[in-house]
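Here is the structure we will look at.
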Amino acid sequence: MKILSIETSCDETAASVVENGRFVISSVVASQIEEHKLYGGVVPEIASRRHIESIAVITQNALDNADLSFNEIDAIAVTHTPGLIGSLLVGVNFAKALSLALDLPLIPVHHLRSHIASNYISHPDLEPPFICLVVSGGHSHIIEVKDYTTFNTIGKTRDDAAGEAFDKAARAMGIPYPGGVYLDKVAESGNENSFKLPRPTVTNSKYDFSFSGLKTAVINQIHNAKQKNNTLPVDDLAASFRKSVVDCLTTNFIRAAKDFGYSKLVVAGGVSANSLLRRQLLEECLNYNWKLYLPNLCFCGDNAAMVGSQAYYEYLTGNIANLNLNACASTPID
Ligand code: KG4
Ligand code: ZN
């Protein structure tokens with residue numbers, strides 16, 4: 001079954017053709033980073049406009065790269081939630097139009113479910129059940145993946161998402177947008193023990209995260225130094241901050257895996273590209289003799305191939321939308 005999938009939940013316009021949930025025939029991603037860089041973050045109105053301009057071309061590119069025509073496609077899939085509402089609407093309306101015009105089933109896909117599925121296209125052997133750490137710009141969740149379409153959220157952030165904290169801390173350090181990506185690079189040459197930063201925990205929850213206090217701690221260090229006319233070594237501060245975030249993510253994720261009895265661990269979302277997170281979790285899993293699955297770097301950020309993968313399993317369980325499908329800014333995964 002060949003699914004043509006569309007992803008426009010944030011600032012990437014993406015289309016892909018995926019066969020039977022596992023084989024990526026083509027995947028095209030148009031990033032808007034250069035334009036949003038001017039503002040230091042994603043401007044929702046600009047994002048929606050750029051999606052409108054590029055969605056038809058990107059979809060045609062995905063078909064051309066797959067050497068397929070519209071009448072060789074079996075279903076249309078689209079990210080309908082969660083995300084920026086204006087951005088989601090562009091993808092949802094485009095997918096609805098394709099579904100109507102081509103008389104093909106329309107498969108709605110939850111963005112976090114698709115991030116998890118980025119591991120199915122990276123690892124042919126991976127099958128649920130497993131436990132997954134989903135860390136992106138908008139979410140930091142620990143999720144039990146019981147089967148392809150059954151999820152249970154064990155823990156989540158109470159405030160900022162990990163990616164958001166990376167981006168905001170990077171901005172305060174003068175590191176260019178997209179902050180998380182560059183902070184990770186800068187941190188590689190820094191000393192992670194230079195700055196004493198907290199590892200915040202959440203009262204009454206062993207699995208939830210809280211990153212806003214950590215972000216504020218970094219911003220305070222920067223302000224204090226500025227007031228004294230000192231300049232801080234950005235690589236050391238970035239390394240210390242990255243270490244704190246990764247320690248928090250790792251501690252709760254490993255604890256949840258132990259408590260819920262999982263030895264198959266999976267990571268997903270934009271922050272899964274973080275080099276320290278990947279190293280640290282690999283080390284932990286090696287110690288426990290657990291199996292760790294990380295998405296290929298090209299599928300960590302937003303893309304449509306992961307949408308096409310998850311869509312296949314949604315289709316098999318009968319999750320098919322009609323033309324009343326709407327976009328929704330926020331919906332829990334389970
Ligand atoms: O999943 P994603 O592409 O979009 C959302 O669904 O939000 O995640 C984007 C987030 C951004 O906050 C970005 O800074 C972060 O992932 N990110 C990273 C790295 N690469 C991307 N954060 C830390 N280290 C990285 N290497
Ligand atoms: Zn995402």
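Ligands are numbered from 1 in the order shown, chains are lettered A, B, ... in the order of the structure tokens, and residues start at 1 in each chain.
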Discussion item. Neighbouring residues of ligand 1 are defined here as those with any atom at most 10 Å from a ligand atom, counting only C-alpha atoms and all ligand atoms; list them as number ranges by chain.
Written reply: A: 9-12, 41, 82-84, 111-112, 114-115, 134-140, 161-168, 170, 177-185, 187, 242, 245-246, 268-278, 297, 299-303
Discussion item. Need to verify the contact set: Ser26 in chain A, 9 Å, only C-alpha atoms, exclusion of same-chain residues closer than 3 positions in sequence. Can you return it as a list in words?
Written reply: Ala15, Ser16, Val17, Val18, Asn61, Ala62, Leu63, Asp64, Asn65, Ala66, Asp67 and Ala305 of chain A
Worksheet item: Leaving out Thr59 in chain A and any residue of its chain fewer than 2 positions from it, which residues lie within 12 Å of it when counting only C-alpha atoms, given as an NGL selection string?
Response: :A and (4-8 or 13-17 or 26-30 or 51-57 or 61-66 or 68-70 or 76-78 or 91 or 94-95 or 98 or 304)
Discussion item. My list of candidates is A:Leu214, A:Val202, A:Met173, A:Met306. Which is closest to ligand 2 when distances are computed with only C-alpha atoms and all ligand atoms?
Written reply: A:Met306
Discussion item. At a cut-off of 7 Å, using only C-alpha atoms, what residues contact Val92 in chain A? Leave out same-chain residues fewer than 5 positions from it and give the result as a ChimeraX atom specification.
Written reply: /A:78,80,326-327
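Using only C-alpha atoms, the smallest distance between any of A:Glu314, A:Leu232, A:Glu144, A:Asn319 and Lys264 in chain A comes from A:Glu144.
Closest approach to ligand 2 among A:Val186, A:Asp160, A:Val307, A:Ile25 is made by A:Val307 (distances from only C-alpha atoms and all ligand atoms).
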Response to the item:
Between CA of His141 in chain A and CA of Pro128 in chain A lies a distance of 16.9 Å
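For Leu281 in chain A, the residues within 10 Å (counting only C-alpha atoms, excluding itself and residues fewer than 6 positions away along the chain) are Val246, Asp247, Leu249, Thr250, Thr251, Phe253, Ile254, Leu265, Val266, Val267, Asn287, Leu292, Tyr293 and Leu294 of chain A.
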Worksheet item: Neighbours of Glu19 in chain A within 7 Å (only C-alpha atoms; same-chain residues fewer than 6 positions away dropped), as a PyMOL selection string?
Response: chain A and resi 1-3+25
Write the residues of the preceding selection, restricted to N, CA, C and O atoms, as a PDB file, in the first residue's frame.
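The resulting selection_36.pdb:
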```pdb
ATOM      1  N   MET A   1       0.847  -1.193   0.000  1.00  0.00           N
ATOM      2  CA  MET A   1       0.000   0.000   0.000  1.00  0.00           C
ATOM      3  C   MET A   1       0.889   1.253   0.000  1.00  0.00           C
ATOM      4  O   MET A   1       1.729   1.419   0.880  1.00  0.00           O
ATOM      5  N   LYS A   2       0.673   2.119  -0.981  1.00  0.00           N
ATOM      6  CA  LYS A   2       1.496   3.344  -1.088  1.00  0.00           C
ATOM      7  C   LYS A   2       0.683   4.541  -0.573  1.00  0.00           C
ATOM      8  O   LYS A   2      -0.388   4.846  -1.096  1.00  0.00           O
ATOM      9  N   ILE A   3       1.234   5.185   0.448  1.00  0.00           N
ATOM     10  CA  ILE A   3       0.535   6.330   1.047  1.00  0.00           C
ATOM     11  C   ILE A   3       1.298   7.619   0.727  1.00  0.00           C
ATOM     12  O   ILE A   3       2.523   7.693   0.919  1.00  0.00           O
ATOM     13  N   ILE A  25       9.728   5.611  -0.108  1.00  0.00           N
ATOM     14  CA  ILE A  25      10.036   5.691  -1.545  1.00  0.00           C
ATOM     15  C   ILE A  25      10.569   7.085  -1.872  1.00  0.00           C
ATOM     16  O   ILE A  25      11.500   7.238  -2.652  1.00  0.00           O
TER      17      ILE A  25
END
```
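Nearest to Lys96 in chain A of all the residues A:Val42, A:Ile116, A:Val24, A:Ala75 is A:Ala75, counting only C-alpha atoms.
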